[in-house]
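Visitor: Just run-v2.cif, nothing more (mmCIF, C-alpha atoms):
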```cif
data_protein
#
loop_
_atom_site.group_PDB
_atom_site.id
_atom_site.type_symbol
_atom_site.label_atom_id
_atom_site.label_comp_id
_atom_site.auth_asym_id
_atom_site.auth_seq_id
_atom_site.Cartn_x
_atom_site.Cartn_y
_atom_site.Cartn_z
ATOM 1 C CA MET A 1190 72.595 107.903 83.694
ATOM 2 C CA LYS A 1191 75.435 105.421 83.193
ATOM 3 C CA THR A 1192 78.293 105.630 85.650
ATOM 4 C CA SER A 1193 81.837 105.124 84.489
ATOM 5 C CA LYS A 1194 83.903 102.387 86.026
ATOM 6 C CA THR A 1195 86.723 103.499 88.263
ATOM 7 C CA ILE A 1196 89.481 101.083 89.082
ATOM 8 C CA GLU A 1197 92.040 100.942 91.884
ATOM 9 C CA ILE A 1198 95.139 98.981 90.945
ATOM 10 C CA VAL A 1199 97.698 97.497 93.334
ATOM 11 C CA PRO A 1200 100.578 95.077 92.898
ATOM 12 C CA SER A 1201 99.883 91.424 93.575
ATOM 13 C CA ALA A 1202 102.344 88.745 94.599
ATOM 14 C CA VAL A 1203 102.180 84.441 92.095
ATOM 15 C CA MET A 1204 101.983 83.982 88.358
ATOM 16 C CA PRO A 1205 98.463 83.313 86.979
ATOM 17 C CA ALA A 1206 97.890 80.473 84.560
ATOM 18 C CA LYS A 1207 97.402 82.864 81.628
ATOM 19 C CA PRO A 1208 98.615 86.439 81.238
ATOM 20 C CA GLY A 1209 96.003 89.142 80.757
ATOM 21 C CA LYS A 1210 93.029 89.956 82.933
ATOM 22 C CA MET A 1211 90.872 87.545 84.887
ATOM 23 C CA ARG A 1212 88.265 87.796 87.610
ATOM 24 C CA VAL A 1213 89.645 86.409 90.877
ATOM 25 C CA GLY A 1214 87.145 87.526 93.475
ATOM 26 C CA GLN A 1215 84.300 89.653 94.723
ATOM 27 C CA VAL A 1216 83.874 92.037 97.629
ATOM 28 C CA ASN A 1217 80.624 93.032 99.280
ATOM 29 C CA ALA A 1218 79.126 96.536 99.080
ATOM 30 C CA GLU A 1219 80.611 97.639 102.415
ATOM 31 C CA GLU A 1220 84.112 96.485 101.449
ATOM 32 C CA ARG A 1221 83.774 98.075 98.002
ATOM 33 C CA ASP A 1222 82.640 101.369 99.520
ATOM 34 C CA GLU A 1223 85.556 101.371 101.960
ATOM 35 C CA MET A 1224 88.053 101.043 99.090
ATOM 36 C CA LYS A 1225 86.178 103.579 96.976
ATOM 37 C CA ALA A 1226 86.417 106.162 99.779
ATOM 38 C CA LEU A 1227 90.167 105.541 100.086
ATOM 39 C CA PHE A 1228 90.597 105.726 96.315
ATOM 40 C CA GLU A 1229 88.682 109.002 96.043
ATOM 41 C CA ARG A 1230 90.543 110.501 98.999
ATOM 42 C CA LYS A 1231 93.888 109.538 97.483
ATOM 43 C CA ASN A 1232 92.964 111.109 94.127
ATOM 44 C CA ALA A 1233 91.776 114.299 95.835
ATOM 45 C CA LEU A 1234 95.031 114.572 97.791
ATOM 46 C CA VAL A 1235 97.113 114.057 94.648
ATOM 47 C CA GLU A 1236 95.185 116.872 92.928
ATOM 48 C CA LEU A 1237 95.615 119.104 95.976
ATOM 49 C CA ILE A 1238 99.365 118.458 95.958
ATOM 50 C CA LYS A 1239 99.516 119.549 92.310
ATOM 51 C CA THR A 1240 97.629 122.747 93.141
ATOM 52 C CA LEU A 1241 99.842 123.517 96.126
ATOM 53 C CA ALA A 1242 102.997 122.853 94.124
ATOM 54 C CA ASP A 1243 101.885 125.400 91.507
ATOM 55 C CA ALA A 1244 101.027 128.058 94.093
ATOM 56 C CA ALA A 1245 103.339 131.002 94.583
ATOM 57 C CA PRO A 1246 104.349 131.241 97.326
ATOM 58 C CA MET A 1247 103.831 127.617 98.341
ATOM 59 C CA ASN A 1248 102.300 126.967 101.745
ATOM 60 C CA GLU A 1249 104.931 124.526 103.055
ATOM 61 C CA THR A 1250 103.014 123.669 106.230
ATOM 62 C CA LEU A 1251 99.853 122.748 104.344
ATOM 63 C CA TYR A 1252 101.873 120.868 101.725
ATOM 64 C CA GLU A 1253 103.554 118.763 104.427
ATOM 65 C CA LYS A 1254 100.175 117.982 106.037
ATOM 66 C CA VAL A 1255 98.735 116.880 102.703
ATOM 67 C CA ILE A 1256 101.781 114.685 101.996
ATOM 68 C CA ALA A 1257 101.427 113.092 105.452
ATOM 69 C CA ASP A 1258 97.717 112.441 104.842
ATOM 70 C CA LEU A 1259 98.493 110.938 101.432
ATOM 71 C CA GLY A 1260 100.967 108.592 103.108
ATOM 72 C CA LYS A 1261 98.330 107.475 105.603
ATOM 73 C CA VAL A 1262 95.702 106.912 102.905
ATOM 74 C CA THR A 1263 98.191 104.992 100.758
ATOM 75 C CA THR A 1264 99.094 102.799 103.740
ATOM 76 C CA ARG A 1265 95.420 102.148 104.564
ATOM 77 C CA SER A 1266 94.768 101.272 100.915
ATOM 78 C CA SER A 1267 97.693 98.841 100.842
ATOM 79 C CA GLN A 1268 96.501 97.279 104.103
ATOM 80 C CA TRP A 1269 92.995 96.859 102.652
ATOM 81 C CA TRP A 1270 94.359 95.021 99.607
ATOM 82 C CA ALA A 1271 96.675 92.848 101.721
ATOM 83 C CA SER A 1272 93.920 91.921 104.156
ATOM 84 C CA MET A 1273 91.283 91.259 101.494
ATOM 85 C CA SER A 1274 93.636 89.208 99.309
ATOM 86 C CA ARG A 1275 94.793 87.147 102.300
ATOM 87 C CA ASN A 1276 91.273 86.566 103.648
ATOM 88 C CA ASN A 1277 89.830 85.729 100.221
ATOM 89 C CA GLN A 1278 92.911 83.909 98.910
ATOM 90 C CA TRP A 1279 92.926 85.793 95.600
ATOM 91 C CA GLU A 1280 95.252 84.536 92.935
ATOM 92 C CA SER A 1281 98.209 86.837 92.351
ATOM 93 C CA ALA A 1282 101.160 87.305 89.980
ATOM 94 C CA PRO A 1283 104.726 88.640 90.390
ATOM 95 C CA ASP A 1284 104.254 91.450 87.865
ATOM 96 C CA GLY A 1285 100.492 91.542 88.226
ATOM 97 C CA SER A 1286 98.087 93.823 90.003
ATOM 98 C CA TRP A 1287 94.567 93.614 91.339
ATOM 99 C CA GLU A 1288 91.822 95.926 90.178
ATOM 100 C CA ILE A 1289 88.442 96.571 91.717
ATOM 101 C CA ASP A 1290 85.379 97.396 89.689
ATOM 102 C CA PHE A 1291 83.498 99.876 91.851
ATOM 103 C CA ASP A 1292 80.231 99.175 90.005
ATOM 104 C CA ASP A 1293 79.900 95.566 91.132
ATOM 105 C CA GLY A 1294 82.795 94.834 93.522
ATOM 106 C CA SER A 1295 84.526 92.379 91.192
ATOM 107 C CA ILE A 1296 88.249 91.913 91.696
ATOM 108 C CA TYR A 1297 90.443 91.283 88.663
ATOM 109 C CA LEU A 1298 94.024 90.191 88.345
ATOM 110 C CA THR A 1299 95.921 91.766 85.489
ATOM 111 C CA SER A 1300 99.384 90.796 84.430
ATOM 112 C CA PRO A 1301 101.408 92.246 81.607
ATOM 113 C CA GLU A 1302 101.515 90.203 78.446
ATOM 114 C CA ARG A 1303 104.959 88.915 77.813
ATOM 115 C CA PRO A 1304 106.304 89.776 74.354
ATOM 116 C CA LYS A 1305 106.393 86.817 72.009
ATOM 117 C CA SER A 1306 109.919 85.712 71.290
ATOM 118 C CA ARG A 1307 111.130 86.116 67.745
ATOM 119 C CA LYS A 1308 113.616 83.839 66.151
ATOM 120 C CA HIS A 1309 116.422 85.664 64.464
ATOM 121 C CA ASN A 1310 117.734 84.059 61.330
ATOM 122 C CA PRO A 1311 121.116 85.517 60.337
#
```
Show this structure as structure tokens.
Guide:
Amino acid sequence: MKTSKTIEIVPSAVMPAKPGKMRVGQVNAEERDEMKALFERKNALVELIKTLADAAPMNETLYEKVIADLGKVTTRSSQWWASMSRNNQWESAPDGSWEIDFDDGSIYLTSPERPKSRKHNP
């Protein structure tokens, strides 16, 4: 059975040589699994928030707890990316983001393609 690739994306910080997507690093299985757990937890909390928001009447106490947990998971995820990028000196870009391939632990830098300028002839 083939597993689908799931990707966690976070903002990065220096312009790469070419826009697009390029492999900039690799994490080991333990590091990959740590991020995957955070990613899955974050997605589960987002889905739970949607369910709670649709409930009538809404359980405000539970909703606030879930929001607080989502904040903690988001912070831990951001800290993971900051630590890993600093320790591994991954290339970054101002408008770019890093992605992790949970199948093999590869780290990619993506940056939006800049639109090609058009000359306007009046």
Visitor: Since I can't run it myself right now, could you work out what the PyMOL selection byres ((chain A and resi 1218) around 12) selects here and report it as a count of residues only?
Guide: 17
Visitor: Apply the PyMOL selection byres ((chain A and resi 1213) around 7) to the file shown and report the selected residues as a list in words.
Guide: Met1211, Arg1212, Gly1214, Trp1279, Glu1280, Ile1296, Tyr1297 and Leu1298 of chain A
Visitor: Which residue is closest to Ala1282 (chain A)? Choose from A:Trp1270, A:Glu1249, A:Glu1236, A:Thr1299 and count all atoms listed in the file.
Guide: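 Of A:Trp1270, A:Glu1249, A:Glu1236, A:Thr1299, the one nearest Ala1282 (chain A), counting all atoms listed in the file, is A:Thr1299.
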Visitor: Select, from A:Gln1268, A:Ser1300, A:Asn1232, A:Asn1248, the residue with the minimum atom-to-atom distance to Pro1283 (chain A), counting all atoms listed in the file.
Guide: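 The shortest atom-to-atom distance to Pro1283 (chain A) comes from A:Ser1300.
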Visitor: Rounded to one decimal in Å, what is the spacing between CA of Pro1301 (chain A) and CA of Lys1239 (chain A)?
Guide: 29.4 Å
Visitor: Could you check how far CA of Leu1237 (chain A) sits from CA of Trp1269 (chain A), in Å to one decimal?
Guide: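 A separation of 23.4 Å between them.
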Visitor: Show me, as lines of an AutoDock Vina configuration file, the centre and edge lengths in Å to one decimal of the axis-aligned box that covers every listed atom of region 1207-1219 of chain A with 3 Å on each side.
Guide:
```
center_x = 88.9
center_y = 90.3
center_z = 91.6
size_x = 25.5
size_y = 20.8
size_z = 27.7
```
Visitor: Check the smallest atom-to-atom distance from each of A:Ser1266, A:Trp1287, A:Ala1271, A:Ser1281 to Glu1229 (chain A) using only C-alpha atoms, then report the winner.
Guide: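 Going through A:Ser1266, A:Trp1287, A:Ala1271, A:Ser1281 one by one, the smallest distance to Glu1229 (chain A) is for A:Ser1266.
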Visitor: Between CA of Ala1226 (chain A) and CA of Leu1241 (chain A), what distance in Å does the model show, to one decimal?
Guide: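 Separation between CA of Ala1226 (chain A) and CA of Leu1241 (chain A): 22.2 Å.
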